[in-house]
Amino acid sequence: MRDHAPAPRHDTHGPATIGVEEEFFLVDPDTRLVVPAGPAVAARAAGDVGDRVTEEFALCQVEGRTRPCLSAHELRQELEQVRAALVAAARAEGVRLCASGTAVLQDDGPVQVAGHPRYRAGRLQYRSMMDDFAVSALHVHVHLPERELAVRTVNHLRPWLPLLIAATANSPYHRGADTGYAAWRTVIRHRFPCLGPPPYAASWQEHERLAVVIAGTEAMLDAQTPFWDLRPSPRLPTLEVRAMDVLHDLDDTVAVAVLLRALVRVAATRVQGGDPGPRWEGEVLRAACWRAARDGWSGDVFHPATGRPRPAADVAGELVTLLRPALEEAGDLREVTGLFDRLAEHGDGASRQRAWAAAGAGPATVVDRLVTVTARGTGGGGVSGRPAW
């Protein structure tokens with residue numbers, strides 16, 4: 001998400017602006033393999049939506065992003081416009097848009113990387129760790145320009161990362177195989193020493209010090225752009241949440257975004273009231289995120305207060321109770337409860353992908369269904385129907 005026009009200062013007594021980035025794979029409609037069409041698709045779609053589309057790290061990917069939005073309705077409209085432009089551009093280039101956290105089907109061999117100098121630097125620094133690093137995320141930005149407040153707000157959000165991973169798990173397949181995990185994208189990311197939950201930092205100064213020390217080990221490309229799951233954005237006046245798999249259902253994407261806005265608002269209010277947030281160790285949260293990636297919505301997840309595993313739906317219910325006043329004030333409660341209702345009925349994205357595979361011809365059917373629901377923007381709880389290639 002590139003810089004936009006300055007947003008108003010954060011106000012904990014009203015809804016902040018929110019923005020979303022969605023990363024997608026591009027697949028061949030015949031082989032269902034990912035293909036390096038990202039630059040061509042992004043360039044074509046830019047004719048319709050400008051800089052709301054861009055290339056991604058891997059040539060087989062493309063990114064769409066919204067402008068800052070105040071309401072769920074506005075955000076949904078932005079997402080629909082950007083997805084429509086990408087779907088049309090992909091078709092014009094002879095490929096299809098696919099919303100999955102990992103590539104379902106992919107050729108053997110290293111991922112082809114785009115030409116941005118930063119991407120090339122990553123290849124040089126991390127070497128063979130980058131060979132299969134093609135993952136598609138959902139990033140949510142919540143307007144919060146005061147960096148001191150943002151860092152301290154992150155401390156309150158850290159223990160909720162396992163629940164976010166479980167609720168958005170949408171990457172069970174990798175290179176044609178069922179990994180046994182719900183969010184294999186999380187596993188790929190956590191191979192890297194500086195991806196995952198951020199460290200607890202009592203101040204912006206401590207946050208900067210930690211980033212500088214880690215960058216000095218070369219585990220991070222540079223201290224100004226950490227890739228932690230939560231961070232004050234390096235370029236925007238926002239707090240950025242990066243833990244989620246990309247979702248094929250636009251309603252789910254909108255719901256996650258407004259849920260996070262409410263969580264940021266409530267956490268920021270607590271910080272301003274003197275609450276430093278829970279000091280869970282990074283190793284504990286990393287382990288909890290691993291379990292959430294393995295089991296997804298059907299498993300138990302880390303409870304932010306006790307640290308004990310609890311059913312994901314129970315932890316989500318406590319989160320909704322915590323955020324209810326903020327969600328009601330913003331008019332977002334129905335969006336969020338709808339997300340958890342859909343999870344209760346259909347499971348997470350990983351469960352849906354596996355159901356499609358079981359009802360059809362395995363991973364190829366998964367790609368077909370993902371292409372269809374990505375273009376349509378709905379989750380497709382059922383498993384019937386041939387995609388409109």
# chains A, B, ... in the order shown; residues from 1 in each chain; ligands from 1
$ closest_atom_pairs --of "stretch 41-85 of chain A" --to "stretch 245-265 of chain A" --cutoff "10 Å" --atoms "only C-alpha atoms" --output "CSV"
residue,atom,partner,partner_atom,distance
A:Leu70,CA,A:Val258,CA,9.7
A:Ser71,CA,A:Val258,CA,8.4
A:Ala72,CA,A:Val254,CA,6.3
A:His73,CA,A:Val254,CA,8.6
A:Glu74,CA,A:Val254,CA,9.8
A:Leu75,CA,A:Val254,CA,6.8
A:Arg76,CA,A:Val254,CA,6.3
A:Gln77,CA,A:Leu250,CA,9.9
A:Leu79,CA,A:Leu250,CA,7.4
A:Glu80,CA,A:Leu250,CA,7.9
A:Arg83,CA,A:Leu250,CA,9.6
$ closest_atom_pairs --of "stretch 197-273 of chain A" --to "stretch 149-164 of chain A" --cutoff "9 Å" --atoms "only C-alpha atoms" --output "JSON lines"
{"residue": "A:Pro197", "atom": "CA", "partner": "A:Arg158", "partner_atom": "CA", "distance": 6.5}
{"residue": "A:Pro198", "atom": "CA", "partner": "A:Arg158", "partner_atom": "CA", "distance": 7.3}
{"residue": "A:Pro199", "atom": "CA", "partner": "A:Asn155", "partner_atom": "CA", "distance": 8.4}
{"residue": "A:Tyr200", "atom": "CA", "partner": "A:Asn155", "partner_atom": "CA", "distance": 5.9}
{"residue": "A:Ala201", "atom": "CA", "partner": "A:Val151", "partner_atom": "CA", "distance": 6.9}
{"residue": "A:Ala202", "atom": "CA", "partner": "A:Arg152", "partner_atom": "CA", "distance": 6.3}
{"residue": "A:Ser203", "atom": "CA", "partner": "A:Val151", "partner_atom": "CA", "distance": 6.5}
{"residue": "A:Trp204", "atom": "CA", "partner": "A:Val151", "partner_atom": "CA", "distance": 5.9}
{"residue": "A:His207", "atom": "CA", "partner": "A:Val151", "partner_atom": "CA", "distance": 7.2}
{"residue": "A:Asp229", "atom": "CA", "partner": "A:Leu161", "partner_atom": "CA", "distance": 8.1}
{"residue": "A:Leu230", "atom": "CA", "partner": "A:Val154", "partner_atom": "CA", "distance": 6.4}
{"residue": "A:Arg231", "atom": "CA", "partner": "A:Val154", "partner_atom": "CA", "distance": 7.1}
{"residue": "A:Pro232", "atom": "CA", "partner": "A:Ala150", "partner_atom": "CA", "distance": 6.1}
{"residue": "A:Thr238", "atom": "CA", "partner": "A:Ala150", "partner_atom": "CA", "distance": 7.9}
{"residue": "A:Leu239", "atom": "CA", "partner": "A:Ala150", "partner_atom": "CA", "distance": 6.2}
{"residue": "A:Ala243", "atom": "CA", "partner": "A:Leu161", "partner_atom": "CA", "distance": 6.9}
{"residue": "A:Met244", "atom": "CA", "partner": "A:Leu164", "partner_atom": "CA", "distance": 6.5}
{"residue": "A:Val256", "atom": "CA", "partner": "A:Leu164", "partner_atom": "CA", "distance": 8.5}
{"residue": "A:Leu263", "atom": "CA", "partner": "A:Leu157", "partner_atom": "CA", "distance": 7.5}
{"residue": "A:Val264", "atom": "CA", "partner": "A:Thr153", "partner_atom": "CA", "distance": 6.8}
{"residue": "A:Arg265", "atom": "CA", "partner": "A:Thr153", "partner_atom": "CA", "distance": 8.8}
{"residue": "A:Ala267", "atom": "CA", "partner": "A:Thr153", "partner_atom": "CA", "distance": 5.6}
{"residue": "A:Ala268", "atom": "CA", "partner": "A:Thr153", "partner_atom": "CA", "distance": 5.3}
{"residue": "A:Thr269", "atom": "CA", "partner": "A:Thr153", "partner_atom": "CA", "distance": 8.7}
{"residue": "A:Arg270", "atom": "CA", "partner": "A:Thr153", "partner_atom": "CA", "distance": 8.3}
{"residue": "A:Val271", "atom": "CA", "partner": "A:Thr153", "partner_atom": "CA", "distance": 6.4}
{"residue": "A:Gln272", "atom": "CA", "partner": "A:Leu149", "partner_atom": "CA", "distance": 7.9}
$ closest_atom_pairs --of "stretch 75-104 of chain A" --to "stretch 354-377 of chain A" --cutoff "8 Å" --atoms "only C-alpha atoms" --output "Markdown table"
| residue | atom | partner | partner_atom | distance |
| --- | --- | --- | --- | --- |
| A:Glu80 | CA | A:Gly377 | CA | 7.7 |
| A:Arg83 | CA | A:Ala375 | CA | 7.2 |
| A:Ala84 | CA | A:Ala375 | CA | 7.2 |
| A:Val87 | CA | A:Ala375 | CA | 6.3 |
| A:Arg96 | CA | A:Val371 | CA | 6.6 |
| A:Leu97 | CA | A:Val371 | CA | 5.9 |
| A:Cys98 | CA | A:Val371 | CA | 4.9 |
| A:Ala99 | CA | A:Thr374 | CA | 5.8 |
| A:Ser100 | CA | A:Leu370 | CA | 7.4 |
| A:Val104 | CA | A:Pro363 | CA | 6.5 |
$ write_last_selection --atoms "C-alpha atoms" --output "PDB file, in the first residue's frame"
ATOM      1  CA  GLU A  80     -14.928  -4.869  -5.468  1.00  0.00           C
ATOM      2  CA  ARG A  83     -10.750  -7.114  -7.698  1.00  0.00           C
ATOM      3  CA  ALA A  84     -12.891  -6.514 -10.791  1.00  0.00           C
ATOM      4  CA  VAL A  87      -9.954 -10.243 -12.688  1.00  0.00           C
ATOM      5  CA  ARG A  96      -6.908 -16.186 -13.758  1.00  0.00           C
ATOM      6  CA  LEU A  97      -6.865 -14.531 -10.323  1.00  0.00           C
ATOM      7  CA  CYS A  98      -6.681 -16.881  -7.314  1.00  0.00           C
ATOM      8  CA  ALA A  99      -7.038 -15.981  -3.616  1.00  0.00           C
ATOM      9  CA  SER A 100      -5.114 -18.557  -1.577  1.00  0.00           C
ATOM     10  CA  VAL A 104      -2.079 -24.888  -4.710  1.00  0.00           C
TER      11      VAL A 104
END
$ select_by_dssp --residues "stretch 84-147 of chain A" --states "strand (DSSP E)" --output "VMD selection string"
chain A and resid 96 to 98 137 to 143
$ residues_around --residues "A:Glu63" --least-positions-apart "3" --cutoff "9 Å" --atoms "only C-alpha atoms" --output "PyMOL selection string"
chain A and resi 1+21-25+38+42+52-56+86+136
$ write_last_selection --atoms "all heavy atoms" --output "short mmCIF file (atom, residue, chain, number, x, y, z; two decimals), in the first residue's frame"
data_model
loop_
_atom_site.label_atom_id
_atom_site.label_comp_id
_atom_site.auth_asym_id
_atom_site.auth_seq_id
_atom_site.Cartn_x
_atom_site.Cartn_y
_atom_site.Cartn_z
N MET A 1 0.84 -1.18 0.00
CA MET A 1 0.00 0.00 0.00
C MET A 1 0.88 1.24 0.00
O MET A 1 1.60 1.50 0.94
CB MET A 1 -0.92 0.00 1.23
CG MET A 1 -1.84 1.20 1.29
SD MET A 1 -2.95 1.13 2.72
CE MET A 1 -4.13 -0.06 2.17
N GLU A 21 -4.79 -4.41 1.88
CA GLU A 21 -3.99 -4.94 0.77
C GLU A 21 -4.33 -6.42 0.61
O GLU A 21 -4.34 -7.16 1.61
CB GLU A 21 -2.50 -4.79 1.04
CG GLU A 21 -2.02 -3.36 1.28
CD GLU A 21 -0.59 -3.32 1.77
OE1 GLU A 21 0.11 -4.35 1.68
OE2 GLU A 21 -0.16 -2.27 2.27
N GLU A 22 -4.57 -6.85 -0.61
CA GLU A 22 -4.81 -8.26 -0.91
C GLU A 22 -3.80 -8.72 -1.95
O GLU A 22 -3.64 -8.08 -2.99
CB GLU A 22 -6.22 -8.47 -1.49
CG GLU A 22 -7.35 -8.20 -0.54
CD GLU A 22 -8.69 -8.54 -1.18
OE1 GLU A 22 -9.05 -7.92 -2.21
OE2 GLU A 22 -9.37 -9.44 -0.66
N GLU A 23 -3.13 -9.82 -1.68
CA GLU A 23 -2.18 -10.42 -2.62
C GLU A 23 -2.80 -11.65 -3.25
O GLU A 23 -3.44 -12.45 -2.55
CB GLU A 23 -0.88 -10.78 -1.90
CG GLU A 23 -0.17 -9.57 -1.30
CD GLU A 23 0.88 -9.92 -0.27
OE1 GLU A 23 1.02 -11.12 0.07
OE2 GLU A 23 1.56 -9.00 0.20
N PHE A 24 -2.63 -11.81 -4.56
CA PHE A 24 -3.25 -12.90 -5.30
C PHE A 24 -2.23 -13.65 -6.14
O PHE A 24 -1.23 -13.07 -6.59
CB PHE A 24 -4.33 -12.37 -6.25
CG PHE A 24 -5.42 -11.59 -5.59
CD1 PHE A 24 -5.39 -10.21 -5.58
CD2 PHE A 24 -6.49 -12.23 -4.98
CE1 PHE A 24 -6.40 -9.47 -4.97
CE2 PHE A 24 -7.51 -11.51 -4.37
CZ PHE A 24 -7.46 -10.12 -4.37
N PHE A 25 -2.52 -14.93 -6.38
CA PHE A 25 -1.76 -15.70 -7.35
C PHE A 25 -2.43 -15.59 -8.72
O PHE A 25 -3.64 -15.34 -8.83
CB PHE A 25 -1.67 -17.17 -6.94
CG PHE A 25 -0.75 -17.41 -5.78
CD1 PHE A 25 -1.26 -17.68 -4.51
CD2 PHE A 25 0.62 -17.37 -5.94
CE1 PHE A 25 -0.42 -17.90 -3.45
CE2 PHE A 25 1.48 -17.57 -4.87
CZ PHE A 25 0.96 -17.84 -3.62
N GLY A 38 2.48 -11.48 -13.33
CA GLY A 38 2.20 -10.35 -12.45
C GLY A 38 2.44 -8.98 -13.07
O GLY A 38 1.55 -8.12 -13.02
N ALA A 42 -0.68 -6.41 -13.64
CA ALA A 42 -0.70 -5.16 -12.87
C ALA A 42 -0.72 -3.94 -13.80
O ALA A 42 -1.46 -2.98 -13.56
CB ALA A 42 0.51 -5.10 -11.94
N ARG A 52 -3.74 1.54 -7.32
CA ARG A 52 -4.35 0.58 -6.39
C ARG A 52 -4.00 -0.87 -6.75
O ARG A 52 -4.43 -1.80 -6.06
CB ARG A 52 -5.86 0.77 -6.34
CG ARG A 52 -6.27 2.01 -5.54
CD ARG A 52 -7.79 2.13 -5.43
NE ARG A 52 -8.38 2.60 -6.67
CZ ARG A 52 -9.69 2.59 -6.91
NH1 ARG A 52 -10.52 2.08 -6.01
NH2 ARG A 52 -10.17 3.04 -8.05
N VAL A 53 -3.22 -1.06 -7.80
CA VAL A 53 -2.68 -2.38 -8.12
C VAL A 53 -1.18 -2.25 -8.33
O VAL A 53 -0.68 -1.20 -8.74
CB VAL A 53 -3.33 -3.00 -9.37
CG1 VAL A 53 -4.80 -3.27 -9.12
CG2 VAL A 53 -3.16 -2.10 -10.58
N THR A 54 -0.47 -3.32 -8.05
CA THR A 54 0.98 -3.29 -8.22
C THR A 54 1.51 -4.72 -8.34
O THR A 54 0.80 -5.68 -8.05
CB THR A 54 1.66 -2.59 -7.02
OG1 THR A 54 3.06 -2.46 -7.27
CG2 THR A 54 1.47 -3.38 -5.74
N GLU A 55 2.76 -4.84 -8.79
CA GLU A 55 3.44 -6.14 -8.78
C GLU A 55 3.71 -6.56 -7.34
O GLU A 55 3.66 -5.76 -6.41
CB GLU A 55 4.76 -6.04 -9.54
CG GLU A 55 4.64 -5.63 -10.99
CD GLU A 55 6.01 -5.45 -11.64
OE1 GLU A 55 6.94 -6.18 -11.25
OE2 GLU A 55 6.13 -4.58 -12.51
N GLU A 56 4.05 -7.85 -7.18
CA GLU A 56 4.38 -8.38 -5.87
C GLU A 56 5.78 -8.98 -5.92
O GLU A 56 6.48 -8.94 -6.93
CB GLU A 56 3.35 -9.41 -5.44
CG GLU A 56 2.50 -8.99 -4.24
CD GLU A 56 3.35 -8.66 -3.03
OE1 GLU A 56 4.29 -9.43 -2.70
OE2 GLU A 56 3.08 -7.64 -2.39
N LEU A 86 -8.58 -6.43 -11.52
CA LEU A 86 -7.58 -7.49 -11.60
C LEU A 86 -8.11 -8.73 -12.30
O LEU A 86 -7.40 -9.36 -13.08
CB LEU A 86 -7.08 -7.83 -10.19
CG LEU A 86 -6.15 -6.82 -9.54
CD1 LEU A 86 -5.92 -7.15 -8.07
CD2 LEU A 86 -4.82 -6.75 -10.28
N SER A 136 0.57 -15.39 -0.26
CA SER A 136 -0.36 -14.27 -0.48
C SER A 136 -1.09 -13.94 0.81
O SER A 136 -1.74 -14.80 1.42
CB SER A 136 -1.35 -14.62 -1.59
OG SER A 136 -0.70 -14.65 -2.84
#
$ closest_residue --among "A:Asp332, A:Asp300, A:Asp178, A:Glu240" --to "A:Ala350" --atoms "only C-alpha atoms"
A:Asp178
$ closest_residue --among "A:Glu218, A:Asp295, A:Glu208, A:Asp28" --to "A:Phe192" --atoms "only C-alpha atoms"
A:Glu218
$ residues_around --residues "A:Ser298" --least-positions-apart "2" --cutoff "8 Å" --atoms "only C-alpha atoms" --output "list in words"
Asp295, Gly296, Asp300, Pro311, Ala312, Gly347 and Asp348 of chain A
$ write_last_selection --atoms "N, CA, C and O atoms" --output "short mmCIF file (atom, residue, chain, number, x, y, z; two decimals), in the first residue's frame"
data_model
loop_
_atom_site.label_atom_id
_atom_site.label_comp_id
_atom_site.auth_asym_id
_atom_site.auth_seq_id
_atom_site.Cartn_x
_atom_site.Cartn_y
_atom_site.Cartn_z
N ASP A 295 -3.89 -26.03 13.06
CA ASP A 295 -5.26 -26.51 13.29
C ASP A 295 -6.34 -25.61 12.73
O ASP A 295 -7.47 -26.06 12.53
N GLY A 296 -6.03 -24.32 12.52
CA GLY A 296 -7.03 -23.42 12.00
C GLY A 296 -8.22 -23.25 12.94
O GLY A 296 -8.12 -23.43 14.16
N ASP A 300 -8.07 -25.60 19.00
CA ASP A 300 -7.98 -24.69 20.13
C ASP A 300 -6.92 -23.64 19.84
O ASP A 300 -5.93 -23.92 19.14
N PRO A 311 -11.17 -23.43 22.62
CA PRO A 311 -11.75 -23.47 21.28
C PRO A 311 -11.76 -22.09 20.63
O PRO A 311 -12.08 -21.09 21.29
N ALA A 312 -11.42 -22.06 19.37
CA ALA A 312 -11.30 -20.78 18.67
C ALA A 312 -12.59 -19.98 18.77
O ALA A 312 -12.57 -18.75 18.96
N GLY A 347 -16.57 -23.50 8.27
CA GLY A 347 -15.17 -23.65 8.61
C GLY A 347 -14.33 -22.57 7.97
O GLY A 347 -14.83 -21.66 7.30
N ASP A 348 -13.02 -22.67 8.17
CA ASP A 348 -12.11 -21.68 7.59
C ASP A 348 -11.87 -21.98 6.12
O ASP A 348 -12.37 -22.96 5.55
#
$ atom_distance --atom1 "atom CA of A:Arg324" --atom2 "atom CA of A:Gly101"
29.3 Å
$ select_by_dssp --residues "stretch 213-308 of chain A" --states "helix (DSSP H, G or I)" --output "PyMOL selection string"
chain A and resi 213-216+250-272+282-298
